[in-house]
Every structure is written in C-alpha cells, then in structure tokens.
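For reference, the structure discussed in these notes is given below.
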Amino acid sequence: MATANERLEIRTQPKTKKMLEKASELSGARSVSDYVNRVLREDAARVIEEHSRITLQDDIFDQFTAACENASTPNEALRAALELSRERGIE
C-alpha cells in the first residue's frame with residue numbers, strides 16, 4: 001500500500017465525529033482517518049463513475065448510432081471545437 005502523505009482537514013459537528021468514530025471501530029478500521037479515507041475514496045469513485053456514463057433507452061441509442069453512422073465530414077466549427085476541447089484537457 002502506498003504511503004499517504006497528503007493532508008486533508010475538515011470541520012464537522014461533534015455528533016458526526018462520534019458517529020465516524022463508532023463506524024470506524026465497528027468496521028475494524030485501524031483509525032478514524034483510515035475509515036474516512038476509505039469511505040471518501042469509495043464514494044468519490046462512485047460519483048466519478050456515475051458521471052462517466054450515459055444511459056439511453058434502446059430507441060434513442062438506435063437513433064444516436066444511426067446518426068453516427070450517417071454523419072457527414074466534420075466542418076470547420078466542429079474541428080475547432082475538437083481542438084479547443086483537446087487544449088482544455090477534455091476527453
């Protein structure tokens with residue numbers, strides 16, 4: 001396991017801190033920090049995954065696929081938009 005050397009500080013209500021301490025203990029985590037780090041990492045991965053996918057109904061997907069298959073040659077505006085997105089690091 002890689003050494004954790006970045007620091008993240010948060011403020012929370014006493015009730016929340018007690019709840020995190022209890023959950024940490026019940027889960028068998030080595031520390032509250034380890035517990036919070038694991039939970040935040042799992043949730044962050046879930047949020048990123050949810051925003052990395054698009055779900056379409058079958059008929060909409062078929063329309064999208066047909067549009068892609070029958071697309072014309074990209075015009076100058078589309079090529080410029082692609083270049084701009086690449087410059088900004090958008091995949």
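Each chain of the structure tokens is named A, B, ... in the order shown, its residues numbered from 1; ligands are numbered from 1 in display order.
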Neighbours of Val36 in chain A within 9 Å (only C-alpha atoms; same-chain residues fewer than 4 positions away dropped), as a ChimeraX atom specification? /A:20,24,31-32,40-41
Could you please determine the separation between CA of Lys15 in chain A and CA of Val47 in chain A in Å, to one decimal place? 25.4 Å
Just the alpha helix (DSSP H) stuff from chain A, please, per backbone DSSP, written as a PyMOL selection string. chain A and resi 14-27+32-50+58-69+76-87
Just how far from CA of Tyr35 in chain A is CA of Glu21 in chain A, in Å to one decimal?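 Computing it gives 8.7 Å between the two atoms.
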Do a neighbour search on Ile10 in chain A at 12 Å with only C-alpha atoms, toss out local chain neighbours closer than 6 positions, and write the hits as an NGL selection string. :A and (16-17 or 33 or 36-37)
Go ahead and save the residues from that selection, with N, CA and C atoms, as a PDB file, in the first residue's frame.
ATOM      1  N   THR A  16     -21.368  14.158  14.380  1.00  0.00           N
ATOM      2  CA  THR A  16     -20.830  13.462  13.210  1.00  0.00           C
ATOM      3  C   THR A  16     -19.500  12.800  13.541  1.00  0.00           C
ATOM      4  N   LYS A  17     -18.658  13.493  14.303  1.00  0.00           N
ATOM      5  CA  LYS A  17     -17.369  12.918  14.685  1.00  0.00           C
ATOM      6  C   LYS A  17     -17.567  11.644  15.502  1.00  0.00           C
ATOM      7  N   SER A  33      -9.139   8.050  10.654  1.00  0.00           N
ATOM      8  CA  SER A  33      -8.572   8.562   9.409  1.00  0.00           C
ATOM      9  C   SER A  33      -8.620   7.506   8.301  1.00  0.00           C
ATOM     10  N   VAL A  36     -12.365   7.057   7.285  1.00  0.00           N
ATOM     11  CA  VAL A  36     -12.876   8.177   6.488  1.00  0.00           C
ATOM     12  C   VAL A  36     -12.230   8.181   5.108  1.00  0.00           C
ATOM     13  N   ASN A  37     -10.943   7.900   5.047  1.00  0.00           N
ATOM     14  CA  ASN A  37     -10.247   7.866   3.771  1.00  0.00           C
ATOM     15  C   ASN A  37     -10.849   6.806   2.847  1.00  0.00           C
TER      16      ASN A  37
END
